[in-house]
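Raw contents of protein37.txt, compact mmCIF, C-alpha atoms:
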# COMPACT_ATOMS: atom_id res chain seq x y z
CA MET A 1 206.17 -59.69 55.05
CA LEU A 2 209.38 -58.65 53.33
CA SER A 3 210.50 -55.08 53.85
CA ALA A 4 213.19 -54.07 51.40
CA ALA A 5 214.53 -50.72 50.32
CA TYR A 6 216.76 -50.18 47.32
CA GLN A 7 220.09 -48.41 47.57
CA GLN A 8 220.67 -46.14 44.59
CA ARG A 9 223.92 -45.49 42.74
CA THR A 10 224.77 -43.91 39.38
CA ILE A 11 228.02 -44.55 37.50
CA PRO A 12 229.22 -43.56 34.02
CA LEU A 13 229.02 -46.19 31.28
CA PRO A 14 232.28 -47.17 29.61
CA ASP A 15 230.45 -48.35 26.46
CA ASP A 16 227.17 -48.06 24.58
CA PRO A 17 224.05 -49.36 26.42
CA LEU A 18 223.55 -52.39 24.16
CA SER A 19 227.10 -53.70 24.63
CA SER A 20 226.91 -52.95 28.35
CA VAL A 21 223.64 -54.78 28.92
CA ALA A 22 224.95 -57.78 26.95
CA ARG A 23 228.00 -57.85 29.28
CA LEU A 24 225.70 -57.81 32.29
CA ALA A 25 223.61 -60.69 30.95
CA SER A 26 226.74 -62.73 30.11
CA ALA A 27 228.29 -62.20 33.53
CA TRP A 28 225.16 -62.64 35.66
CA PRO A 29 225.95 -65.61 37.95
CA HIS A 30 222.39 -66.54 38.91
CA ASP A 31 219.55 -68.20 37.04
CA ASP A 32 216.98 -65.52 36.35
CA PHE A 33 217.20 -62.12 34.67
CA VAL A 34 215.27 -59.91 32.25
CA VAL A 35 216.71 -57.38 29.80
CA TYR A 36 214.13 -54.95 28.42
CA GLU A 37 214.64 -52.11 25.96
CA ASN A 38 212.13 -49.28 25.63
CA GLY A 39 213.20 -46.36 23.51
CA ALA A 40 216.56 -44.99 24.57
CA GLU A 41 216.64 -47.00 27.82
CA TRP A 42 217.76 -50.55 28.49
CA THR A 43 217.05 -52.21 31.86
CA PHE A 44 218.73 -55.25 33.35
CA ALA A 45 216.72 -56.83 36.20
CA GLY A 46 218.31 -59.72 38.09
CA GLY A 47 217.41 -61.95 41.02
CA ALA A 48 214.08 -61.98 42.86
CA LEU A 49 212.84 -60.32 46.03
CA ALA A 50 209.38 -61.66 45.26
CA GLU A 51 207.72 -63.46 42.36
CA VAL A 52 204.15 -63.71 41.10
CA VAL A 53 203.41 -66.75 38.95
CA ALA A 54 200.26 -68.24 37.47
CA ASP A 55 199.13 -71.45 35.80
CA ARG A 56 195.78 -73.05 35.07
CA SER A 57 195.01 -73.53 38.79
CA GLY A 58 195.45 -69.92 39.86
CA ILE A 59 197.89 -67.19 40.78
CA ARG A 60 200.39 -67.09 43.64
CA ARG A 61 203.19 -65.02 45.15
CA HIS A 62 206.45 -66.69 46.08
CA GLY A 63 208.76 -65.21 48.69
CA PRO A 64 208.82 -64.60 52.44
CA ASP A 65 205.02 -64.19 52.63
CA PRO A 66 203.52 -66.62 50.07
CA VAL A 67 199.89 -66.18 49.01
CA GLU A 68 197.74 -68.14 46.54
CA PHE A 69 194.39 -67.42 44.87
CA PRO A 70 192.31 -69.51 42.49
CA TRP A 71 191.10 -67.80 39.32
CA SER A 72 187.92 -65.79 39.92
CA GLN A 73 186.19 -62.66 38.70
CA ALA A 74 188.55 -59.86 37.58
CA PRO A 75 191.42 -62.37 37.78
CA LEU A 76 194.28 -60.14 36.66
CA ALA A 77 193.51 -57.51 39.30
CA ARG A 78 195.07 -59.99 41.73
CA VAL A 79 198.45 -59.47 40.07
CA GLN A 80 198.72 -55.86 41.24
CA GLU A 81 197.41 -56.85 44.67
CA LEU A 82 200.07 -59.55 45.09
CA LEU A 83 202.87 -57.29 43.94
CA ASP A 84 201.67 -54.47 46.22
CA GLY A 85 201.71 -56.91 49.14
CA ALA A 86 205.32 -58.00 48.64
CA GLY A 87 206.64 -55.33 51.01
CA VAL A 88 208.90 -53.56 48.52
CA PRO A 89 208.37 -49.77 48.45
CA GLN A 90 208.03 -48.27 44.98
CA TRP A 91 208.49 -51.66 43.37
CA ARG A 92 208.81 -52.34 39.66
CA ALA A 93 208.38 -55.87 38.31
CA TYR A 94 209.61 -57.53 35.12
CA GLY A 95 208.59 -60.74 33.42
CA TRP A 96 206.37 -62.36 30.82
CA ALA A 97 202.80 -63.39 30.05
CA ALA A 98 202.07 -66.40 27.84
CA PHE A 99 199.64 -66.34 24.93
CA GLU A 100 197.46 -68.84 26.85
CA LEU A 101 196.98 -66.55 29.89
CA PRO A 102 193.33 -65.72 29.01
CA SER A 103 192.54 -69.43 28.60
CA ALA A 104 193.93 -70.09 32.08
CA THR A 105 191.85 -67.35 33.68
CA ARG A 106 188.70 -68.84 32.09
CA GLY A 107 189.54 -72.40 33.21
CA ALA A 108 189.88 -73.47 29.57
CA MET A 109 193.57 -74.42 29.55
CA THR A 110 194.52 -78.10 29.57
CA HIS A 111 198.32 -78.08 29.94
CA GLU A 112 200.30 -77.48 33.14
CA GLN A 113 202.74 -74.81 31.99
CA ARG A 114 202.99 -71.41 33.61
CA VAL A 115 201.19 -68.57 31.88
CA LEU A 116 202.60 -65.64 33.88
CA HIS A 117 205.89 -65.02 35.66
CA LEU A 118 206.77 -61.63 37.16
CA THR A 119 209.65 -60.81 39.48
CA ILE A 120 210.51 -57.81 41.66
CA PRO A 121 214.29 -57.91 41.18
CA ARG A 122 217.02 -57.76 43.78
CA ILE A 123 218.92 -55.45 41.49
CA SER A 124 217.93 -53.36 38.48
CA VAL A 125 220.26 -51.39 36.25
CA ARG A 126 218.85 -48.73 33.93
CA LEU A 127 221.23 -47.80 31.14
CA ARG A 128 220.65 -44.46 29.44
CA ASP A 129 222.29 -41.11 28.69
CA GLY A 130 225.78 -42.55 29.19
CA HIS A 131 225.12 -43.75 32.75
CA ALA A 132 224.10 -46.85 34.67
CA HIS A 133 221.50 -46.15 37.34
CA ILE A 134 221.70 -49.02 39.83
CA ALA A 135 218.98 -49.85 42.39
CA SER A 136 219.91 -52.80 44.60
CA VAL A 137 219.22 -54.44 47.95
CA ASP A 138 222.38 -56.56 47.60
CA PRO A 139 225.83 -54.88 47.90
CA VAL A 140 227.52 -58.02 46.55
CA ALA A 141 225.34 -57.93 43.42
CA THR A 142 226.11 -54.22 43.00
CA GLU A 143 229.84 -54.95 43.05
CA ALA A 144 229.33 -57.75 40.52
CA VAL A 145 227.41 -55.41 38.21
CA GLU A 146 230.11 -52.74 38.38
CA ALA A 147 232.81 -55.33 37.71
CA ALA A 148 230.88 -56.63 34.71
CA LEU A 149 230.32 -53.16 33.27
CA PHE A 150 234.02 -52.30 33.44
CA GLY A 151 235.32 -55.77 32.63
CA ARG A 152 236.57 -57.06 29.31
CA ASN A 153 234.08 -57.55 26.52
CA ARG A 154 233.13 -61.17 26.11
CA SER A 155 233.93 -62.58 22.69
CA PHE A 156 230.86 -63.78 20.79
CA GLY A 157 230.80 -65.94 17.71
CA ARG A 158 229.54 -64.83 14.32
CA PRO A 159 226.03 -65.67 13.06
CA THR A 160 225.76 -69.03 11.36
CA GLU A 161 224.66 -69.74 7.82
CA PRO A 162 220.93 -68.93 8.01
CA ILE A 163 218.43 -71.76 8.34
CA ARG A 164 216.60 -72.17 5.04
CA VAL A 165 213.15 -71.33 6.34
CA ARG A 166 211.63 -71.41 2.85
CA GLU A 167 212.39 -75.14 2.66
CA ARG A 168 210.76 -76.05 5.98
CA GLY A 169 207.12 -77.11 6.37
CA VAL A 170 205.88 -75.56 3.12
CA ALA A 171 203.15 -78.06 2.21
CA GLU A 172 201.82 -78.44 5.75
CA TYR A 173 201.53 -74.70 6.37
CA ARG A 174 199.74 -74.19 3.05
CA ARG A 175 197.28 -76.98 3.93
CA ARG A 176 196.55 -75.33 7.25
CA VAL A 177 196.05 -71.94 5.64
CA ASP A 178 193.58 -73.53 3.18
CA ARG A 179 191.68 -75.03 6.10
CA VAL A 180 191.54 -71.70 7.93
CA ILE A 181 190.37 -69.85 4.79
CA ARG A 182 187.47 -72.29 4.49
CA ALA A 183 186.55 -71.69 8.15
CA ILE A 184 186.60 -67.93 7.59
CA ARG A 185 184.41 -68.23 4.50
CA ASP A 186 181.98 -70.37 6.52
CA GLY A 187 181.46 -67.31 8.73
CA SER A 188 182.91 -68.47 12.06
CA LEU A 189 185.59 -65.76 12.15
CA GLU A 190 187.03 -62.88 10.12
CA LYS A 191 190.77 -63.21 10.62
CA VAL A 192 193.28 -65.45 12.36
CA ILE A 193 197.04 -65.30 12.70
CA LEU A 194 198.33 -68.77 11.89
CA SER A 195 201.92 -69.47 12.90
CA ARG A 196 204.50 -72.14 12.22
CA LYS A 197 207.53 -73.33 14.21
CA ILE A 198 211.05 -73.90 12.90
CA PRO A 199 213.19 -76.13 15.17
CA VAL A 200 216.76 -74.94 15.71
CA HIS A 201 219.01 -77.94 16.20
CA ASP A 202 222.26 -76.06 16.87
CA ASP A 203 223.19 -74.81 20.34
CA ILE A 204 222.51 -71.07 20.18
CA ASP A 205 224.12 -68.33 22.29
CA LEU A 206 221.11 -66.16 23.11
CA VAL A 207 223.15 -63.24 24.42
CA GLY A 208 225.27 -63.18 21.26
CA THR A 209 222.12 -63.51 19.16
CA TYR A 210 220.53 -60.59 21.02
CA LEU A 211 223.58 -58.42 20.43
CA ALA A 212 223.83 -59.25 16.71
CA GLY A 213 220.08 -59.16 16.15
CA ARG A 214 219.55 -55.83 17.89
CA ARG A 215 222.29 -54.27 15.78
CA GLY A 216 220.60 -55.59 12.65
CA ASN A 217 216.97 -54.77 13.54
CA THR A 218 214.86 -51.67 14.21
CA PRO A 219 212.39 -52.87 16.88
CA ALA A 220 209.94 -50.87 18.91
CA ARG A 221 211.05 -52.92 21.93
CA SER A 222 213.67 -55.63 22.47
CA PHE A 223 214.16 -58.25 25.17
CA LEU A 224 216.46 -60.98 26.45
CA LEU A 225 215.42 -63.17 29.35
CA ARG A 226 215.95 -66.31 31.36
CA LEU A 227 213.00 -66.59 33.72
CA GLY A 228 210.72 -69.34 34.96
CA GLY A 229 212.19 -72.07 32.76
CA ILE A 230 211.94 -70.01 29.57
CA GLU A 231 214.82 -68.41 27.69
CA ALA A 232 214.19 -66.04 24.82
CA THR A 233 215.39 -63.04 22.92
CA GLY A 234 213.51 -60.96 20.39
CA PHE A 235 212.89 -57.72 18.56
CA SER A 236 209.29 -56.66 19.05
CA PRO A 237 207.50 -54.66 16.32
CA HIS A 238 205.23 -52.88 18.81
CA SER A 239 203.88 -52.76 22.34
CA VAL A 240 200.74 -54.60 23.45
CA LEU A 241 199.98 -51.90 26.00
CA ASP A 242 201.57 -48.77 27.44
CA VAL A 243 199.89 -47.20 30.49
CA THR A 244 201.06 -43.97 32.12
CA ALA A 245 200.68 -43.07 35.79
CA ASP A 246 197.67 -40.88 34.98
CA GLY A 247 195.83 -43.74 33.26
CA CYS A 248 196.44 -42.99 29.60
CA ALA A 249 196.47 -46.35 27.75
CA THR A 250 198.03 -46.87 24.33
CA THR A 251 197.96 -49.96 22.16
CA HIS A 252 198.55 -50.79 18.51
CA ALA A 253 197.17 -52.65 15.55
CA LEU A 254 199.77 -54.09 13.22
CA ALA A 255 198.53 -55.85 10.09
CA GLY A 256 199.79 -55.78 6.53
CA THR A 257 203.35 -56.80 5.67
CA ARG A 258 205.89 -56.51 2.88
CA ALA A 259 209.58 -57.40 2.77
CA LEU A 260 212.25 -54.76 3.48
CA ALA A 261 215.63 -55.07 1.79
CA ALA A 262 218.66 -53.57 3.49
CA ASP A 263 220.21 -52.18 0.31
CA ASP A 264 217.46 -51.45 -2.24
CA ASP A 265 215.46 -48.32 -1.39
CA GLU A 266 213.76 -48.18 -4.77
CA HIS A 267 212.46 -51.75 -4.43
CA ASN A 268 211.33 -51.04 -0.85
CA GLN A 269 209.36 -48.01 -2.01
CA ARG A 270 207.58 -50.09 -4.66
CA LEU A 271 206.66 -52.68 -2.02
CA ARG A 272 205.49 -49.91 0.32
CA ALA A 273 203.22 -48.44 -2.35
CA ASN A 274 201.87 -51.91 -3.11
CA LEU A 275 201.20 -52.52 0.58
CA LEU A 276 199.24 -49.29 0.97
CA ARG A 277 196.92 -50.06 -1.93
CA ASP A 278 196.56 -53.83 -1.59
CA PRO A 279 192.83 -54.46 -0.83
CA LYS A 280 193.55 -57.63 1.17
CA GLU A 281 196.15 -55.90 3.39
CA VAL A 282 194.08 -52.74 3.90
CA TYR A 283 190.97 -54.77 4.80
CA GLU A 284 192.96 -56.94 7.21
CA HIS A 285 194.35 -53.81 8.84
CA ALA A 286 190.97 -52.07 9.09
CA ILE A 287 189.23 -54.94 10.87
CA SER A 288 192.20 -55.15 13.25
CA VAL A 289 191.90 -51.46 14.13
CA LYS A 290 188.17 -51.86 14.77
CA ALA A 291 188.83 -54.84 17.06
CA VAL A 292 191.44 -52.91 19.06
CA ILE A 293 189.05 -49.97 19.47
CA ASP A 294 186.38 -52.36 20.75
CA ASP A 295 188.84 -53.95 23.21
CA LEU A 296 190.07 -50.65 24.62
CA SER A 297 186.54 -49.22 24.84
CA ARG A 298 185.66 -51.90 27.41
CA VAL A 299 187.91 -50.25 30.01
CA CYS A 300 188.25 -46.61 28.90
CA ALA A 301 186.08 -43.57 29.48
CA LYS A 302 183.35 -42.98 26.95
CA ASP A 303 184.51 -40.96 23.94
CA SER A 304 188.16 -41.05 25.07
CA VAL A 305 189.23 -43.83 22.67
CA ALA A 306 190.83 -42.40 19.54
CA VAL A 307 193.02 -43.48 16.64
CA ALA A 308 196.11 -41.34 17.14
CA GLU A 309 197.92 -42.72 14.10
CA PHE A 310 196.30 -44.61 11.23
CA MET A 311 197.92 -46.95 8.72
CA ALA A 312 201.44 -45.60 8.99
CA VAL A 313 204.20 -47.75 7.51
CA HIS A 314 206.78 -48.79 10.11
CA GLU A 315 210.04 -50.49 9.16
CA ARG A 316 210.94 -53.36 11.49
CA GLY A 317 214.06 -55.31 10.56
CA SER A 318 213.39 -57.41 7.48
CA VAL A 319 209.78 -56.25 6.99
CA GLN A 320 207.60 -53.14 6.76
CA HIS A 321 204.16 -53.08 8.36
CA LEU A 322 200.96 -51.09 8.33
CA SER A 323 200.56 -49.79 11.88
CA SER A 324 197.93 -47.83 13.77
CA ARG A 325 198.09 -46.44 17.32
CA ILE A 326 194.97 -46.30 19.49
CA THR A 327 194.72 -44.44 22.81
CA GLY A 328 192.18 -44.04 25.61
CA GLN A 329 191.81 -42.83 29.18
CA LEU A 330 191.08 -45.56 31.73
CA ALA A 331 187.60 -45.16 33.19
CA PRO A 332 187.02 -44.91 36.96
CA GLY A 333 187.05 -48.38 38.48
CA HIS A 334 189.38 -49.80 35.83
CA GLY A 335 193.08 -50.27 36.40
CA THR A 336 196.14 -51.20 34.41
CA TRP A 337 195.57 -54.95 34.61
CA ASP A 338 191.96 -54.53 33.47
CA ALA A 339 193.34 -52.80 30.37
CA PHE A 340 195.92 -55.53 29.85
CA GLY A 341 193.22 -58.17 30.09
CA ALA A 342 191.10 -56.28 27.55
CA VAL A 343 193.75 -56.06 24.83
CA PHE A 344 195.83 -59.21 25.49
CA PRO A 345 196.73 -61.18 23.46
CA ALA A 346 197.19 -58.50 20.85
CA VAL A 347 194.90 -58.62 17.83
CA THR A 348 198.12 -58.45 15.83
CA ALA A 349 198.94 -62.01 16.91
CA SER A 350 195.53 -63.60 17.52
CA GLY A 351 192.58 -62.71 15.29
CA VAL A 352 189.03 -61.35 14.98
CA PRO A 353 186.95 -62.18 16.95
CA LYS A 354 189.43 -63.38 19.52
CA LYS A 355 187.57 -66.35 21.02
CA ALA A 356 186.96 -67.88 17.60
CA ALA A 357 190.58 -67.16 16.67
CA PHE A 358 191.86 -68.88 19.84
CA ARG A 359 189.86 -71.97 18.96
CA CYS A 360 191.14 -71.94 15.38
CA ILE A 361 194.74 -71.56 16.56
CA ARG A 362 194.39 -74.51 18.98
CA GLU A 363 192.98 -76.67 16.18
CA ASN A 364 195.61 -75.77 13.58
CA GLU A 365 198.90 -75.28 15.41
CA ASP A 366 201.23 -77.78 17.08
CA GLY A 367 200.75 -77.28 20.80
CA PRO A 368 200.56 -74.15 22.98
CA ARG A 369 202.34 -71.00 21.85
CA GLN A 370 203.54 -70.16 25.37
CA LEU A 371 205.74 -67.05 25.10
CA TYR A 372 205.37 -66.58 21.33
CA ALA A 373 202.65 -63.95 20.67
CA GLY A 374 202.55 -63.27 24.42
CA SER A 375 204.28 -60.37 26.15
CA VAL A 376 207.48 -59.42 27.92
CA LEU A 377 206.55 -56.60 30.23
CA THR A 378 207.38 -54.29 33.08
CA VAL A 379 204.81 -52.92 35.54
CA GLY A 380 205.14 -50.50 38.45
CA HIS A 381 203.59 -49.73 41.84
CA ASP A 382 202.10 -46.56 40.32
CA GLY A 383 200.12 -48.48 37.68
CA THR A 384 202.51 -47.76 34.84
CA MET A 385 203.05 -50.60 32.37
CA ASP A 386 205.01 -51.22 29.23
CA ALA A 387 204.26 -54.57 27.58
CA ALA A 388 206.04 -55.64 24.39
CA LEU A 389 204.45 -58.01 21.91
CA VAL A 390 206.61 -61.13 21.64
CA LEU A 391 207.30 -61.67 17.95
CA ARG A 392 210.53 -61.90 15.91
CA GLY A 393 212.20 -64.03 18.55
CA VAL A 394 214.06 -67.22 19.30
CA TYR A 395 212.78 -69.38 22.16
CA ARG A 396 214.24 -72.13 24.36
CA GLN A 397 212.42 -74.35 26.83
CA ASN A 398 212.96 -77.89 28.14
CA GLY A 399 216.05 -78.34 25.99
CA ALA A 400 214.34 -77.36 22.71
CA THR A 401 215.09 -74.20 20.71
CA TRP A 402 212.86 -72.84 17.96
CA LEU A 403 211.76 -69.89 15.84
CA GLN A 404 208.12 -69.05 15.19
CA ALA A 405 206.27 -66.66 12.88
CA GLY A 406 202.75 -66.24 11.57
CA ALA A 407 200.66 -64.46 8.97
CA GLY A 408 197.22 -62.89 9.10
CA ILE A 409 194.70 -65.08 7.28
CA ILE A 410 191.43 -63.68 5.92
CA GLY A 411 188.98 -64.97 3.33
CA GLN A 412 190.97 -63.39 0.47
CA SER A 413 194.31 -64.87 1.56
CA ASP A 414 196.61 -66.76 -0.79
CA PRO A 415 198.44 -69.68 0.91
CA ASP A 416 201.64 -69.10 -1.07
CA ARG A 417 201.77 -65.42 -0.12
CA GLU A 418 201.01 -66.16 3.55
CA PHE A 419 203.83 -68.71 3.67
CA GLU A 420 206.22 -66.18 2.14
CA GLU A 421 205.14 -63.61 4.75
CA THR A 422 206.18 -65.96 7.56
CA CYS A 423 209.56 -66.32 5.86
CA GLU A 424 210.00 -62.55 5.57
CA LYS A 425 209.36 -62.22 9.30
CA LEU A 426 211.68 -65.11 10.20
CA ASP A 427 214.44 -63.33 8.28
CA SER A 428 214.49 -60.73 11.10
CA VAL A 429 215.95 -63.38 13.40
CA VAL A 430 217.37 -66.26 11.39
CA ARG A 431 220.23 -64.15 9.97
CA PHE A 432 221.51 -63.37 13.47
CA LEU A 433 221.62 -66.75 15.22
CA VAL A 434 225.00 -67.01 16.95
CA PRO A 435 226.28 -70.49 17.84
CA ALA A 436 227.35 -71.18 21.40
CA GLN A 437 231.10 -71.32 21.92
CA GLY A 438 232.40 -74.78 21.16
CA SER A 439 229.25 -75.92 19.32

In C-alpha cells, what does this structure look like?
Amino acid sequence: MLSAAYQQRTIPLPDDPLSSVARLASAWPHDDFVVYENGAEWTFAGGALAEVVADRSGIRRHGPDPVEFPWSQAPLARVQELLDGAGVPQWRAYGWAAFELPSATRGAMTHEQRVLHLTIPRISVRLRDGHAHIASVDPVATEAVEAALFGRNRSFGRPTEPIRVRERGVAEYRRRVDRVIRAIRDGSLEKVILSRKIPVHDDIDLVGTYLAGRRGNTPARSFLLRLGGIEATGFSPHSVLDVTADGCATTHALAGTRALAADDDEHNQRLRANLLRDPKEVYEHAISVKAVIDDLSRVCAKDSVAVAEFMAVHERGSVQHLSSRITGQLAPGHGTWDAFGAVFPAVTASGVPKKAAFRCIRENEDGPRQLYAGSVLTVGHDGTMDAALVLRGVYRQNGATWLQAGAGIIGQSDPDREFEETCEKLDSVVRFLVPAQGS
C-alpha cells in the first residue's frame, strides 16, 4: 500500500487566479491534470498517486496496490472504499463521471469506454485570496509549479470566427424532436433532454479557449481537464451535487431558457418576463423540481428535503435559466456516493422519468454522450463532494473535437424553438474557440 504525505507551501500570486491557473495548465509537462473552479477558488490537480477508473466490467484502483471489483449492489460505494484504501492521508480526488455511468453499474452499457476516472494527484494548487496553496509529494513538481506561476505569460491566439451553429443539422434535429414529442404524447415519458453534436474541424487550443470563455461567461463552476483520454473545457450552469462534511446535500433543477444579450438590458428583461410566464417553460421546470425532490428523498432523512430556492432566474453566459435549489440531510446509512448515484445524471440533462429518458436518448442521439451531461467533480476523504454538471463545453477524444447542446422536450414543445434553444446555449462556447498556434 502506498503511504504518501503532502508537503504544504503557500506563496503569493503574481496575477489573478484565472491567468495563473491557465499558465499552470499550459506549462504542465505530464499527461493528466484537472482544473476546477468553485466560487472564488480555482484548483489545479496534476499527476496521479492513485487512480480509480470504471467501465462496463467493473471498478478498479490503479497504483501500487491495485484492486478490482465487478459491479454489484451499492456499486458506487466502492469508489470511496477504493480511494480510502490508496494510503494517502486526508486525500482529495479529482476527475469525471460519464453520462453512461448508471448504465454501466446496471450492466446495460454496450460500449467499452470508461465511465469514471478519478485521480488523487501528486500535486494540487489551490488559488484564492491572492495566494497559491501548494500540496505536493514531489519537490520537482513543486519547483515546476512555482516557475510556471512566476514565468512569462504564454501568448494565446484570438477566438476564431464563430461556427454557424444555426446552419448545422437543422432538419435532422427537428425530425428527432418531432419523434420525441410523439413518444411523450404516447405516455412513455414526460420530458427528455435531446442534444445534438457540432463537429469542430479546426485544431483548438483548449487552454486558450478556457481563458477566453471564462472571461466571457458567468458559470456556477468551470473546468479544464486532460484525463483518461478525454480533454475538455466548459462553463457549467450549476452543480449536480454538493455535499458538506456533516452530510448536507444540495442539488439543482435547471429548466427553462431564454437568450441573454451582452448589451441590451431592456431586451433581456422582456425575455426574462416571458420566461417566467411561459406555460411550457414553467411546467417543464416544475416537473424537474419534483423529480429532483424524489431523487434526493431516496437517500435523505424524512422531512429534511426542502426547496431552498424556487424558480430563480440565473444568468449563465449567453442564456438565462429558471433554477431551483433543493437540499436535504443524508440519512443514517447513506453516504456521499449514495447521494451522487441518486441524483446523477442530473434531471437537467436527462429527463423524467430517468430510465425512460435514457432509453429515448439512446434511440435518438448519435452514440454515447460520454462526458457531455456527465460531471467533473472533486471528492474528499471526509465525504465532501462538489460535482459540476458538464454542459456548455468543448470536448476532444480520439482525435475528434466537438460541441454539444440540448433542449428540454415536453409534449408542448415546438421543434423550431427547441433548435433555437440549442443554438443559444452553444453561443456560450462557440464565440470563444481559440485556434491552436500554427493552425

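Put simply, CA of Arg23 in chain A is 20.6 Å away from CA of Gln8 in chain A.
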
- Message: Would you compute the distance between CA of Asn274 in chain A and CA of Arg258 in chain A? Give it in Å to one decimal.
- Response: 8.6 Å

- Atom pair CA of Ala286 in chain A / CA of Val394 in chain A: separation (Å): 29.4 Å

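The neighbours of Asp202 in chain A here are the residues that come within 12 Å of it, using all atoms listed in the file and leaving out any residue fewer than 2 positions away in the same chain; they are Pro159, Thr160, Glu161, Pro162, Ile163, Pro199, Val200, Ile204, Asp205, Leu206, Arg396, Gly399, Ala400, Thr401, Trp402, Leu433, Val434, Pro435, Ala436, Gln437, Gly438 and Ser439 of chain A.
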
- Task: Pick out the residues sitting within 10 Å of Glu51 in chain A, and hand them over as a count of residues only; count all atoms listed in the file, and ignore anything fewer than 4 positions along from it in its own chain.
- Result: 18

- Tell me, as a ChimeraX atom specification, which residues lie within 10 Å of Thr105 in chain A, counting only C-alpha atoms; anything in the same chain fewer than 2 positions away does not count. /A:54-59,70-76,100-103,107-109,115,341

Just to be explicit: take each residue in the selection above, keep C-alpha atoms, and write the result as a short mmCIF file (atom, residue, chain, number, x, y, z; two decimals), keeping the file's coordinate frame.
data_model
loop_
_atom_site.label_atom_id
_atom_site.label_comp_id
_atom_site.auth_asym_id
_atom_site.auth_seq_id
_atom_site.Cartn_x
_atom_site.Cartn_y
_atom_site.Cartn_z
CA ALA A 54 200.26 -68.24 37.47
CA ASP A 55 199.13 -71.45 35.80
CA ARG A 56 195.78 -73.05 35.07
CA SER A 57 195.01 -73.53 38.79
CA GLY A 58 195.45 -69.92 39.86
CA ILE A 59 197.89 -67.19 40.78
CA PRO A 70 192.31 -69.51 42.49
CA TRP A 71 191.10 -67.80 39.32
CA SER A 72 187.92 -65.79 39.92
CA GLN A 73 186.19 -62.66 38.70
CA ALA A 74 188.55 -59.86 37.58
CA PRO A 75 191.42 -62.37 37.78
CA LEU A 76 194.28 -60.14 36.66
CA GLU A 100 197.46 -68.84 26.85
CA LEU A 101 196.98 -66.55 29.89
CA PRO A 102 193.33 -65.72 29.01
CA SER A 103 192.54 -69.43 28.60
CA GLY A 107 189.54 -72.40 33.21
CA ALA A 108 189.88 -73.47 29.57
CA MET A 109 193.57 -74.42 29.55
CA VAL A 115 201.19 -68.57 31.88
CA GLY A 341 193.22 -58.17 30.09
#

- Query: Which one is closest to Ser304 in chain A: A:Thr244, A:Ser288, A:Gln329, A:Ser350? Count only C-alpha atoms.
  - Reply: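 Comparing A:Thr244, A:Ser288, A:Gln329, A:Ser350 against Ser304 in chain A, the winner is A:Gln329.
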
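Excluding range 184-196 of chain A itself and same-chain residues fewer than 3 positions from it, the residues having an atom within 8 Å of it are Tyr173, Val177, Val180, Ile181, Glu284, Thr348, Ala349, Ser350, Gly351, Val352, Pro353, Ala356, Ala357, Cys360, Ile361, Asn364, Glu365, Gln404, Ala405, Gly406, Ala407, Gly408, Ile409, Ile410, Gly411 and Thr422 of chain A, counting only C-alpha atoms.
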
- So which one's closest to Glu41 in chain A, A:Phe419, A:Phe223, A:Phe344, A:Trp337? Using all atoms listed in the file, please.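 The closest residue to Glu41 in chain A is A:Phe223.
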
- Message: Calculated over all atoms listed in the file, which of the candidates A:Val240, A:Ala48, A:Val429, A:Ile287 has the smallest distance to Val319 in chain A?
- Response: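 For Val319 in chain A, the nearest of the given residues is A:Val429.
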
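With distances restricted to all atoms listed in the file, A:His334 is the closest residue to Ala77 in chain A from A:Arg168, A:His334, A:Arg179, A:Arg298.
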
Given 8 Å of margin on each side, can you work out the centre and size in Å (one decimal) of an axis-aligned box holding every listed atom of range 211-218 of chain A, as lines of an AutoDock Vina configuration file?
center_x = 219.3
center_y = -55.5
center_z = 16.5
size_x = 25.0
size_y = 23.6
size_z = 23.8

- Residues near Tyr283 in chain A, cut-off 10 Å, all atoms listed in the file, skip fewer than 5 positions along chain, as number ranges by chain: A: 255-256, 278, 288-289, 410, 412

- Message: Between A:Ala148, A:Leu275, A:Ala342, A:Ile230, which residue has the minimum interatomic distance to Met311 in chain A, considering all atoms listed in the file?
- Response: A:Leu275

- Query: Which residue gives the smallest distance to Glu315 in chain A among A:Ser428, A:Arg359, A:Leu296, A:Gly333, with all atoms listed in the file counted?
  - Reply: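 Looking only at the distances to Glu315 in chain A, the closest residue turns out to be A:Ser428.
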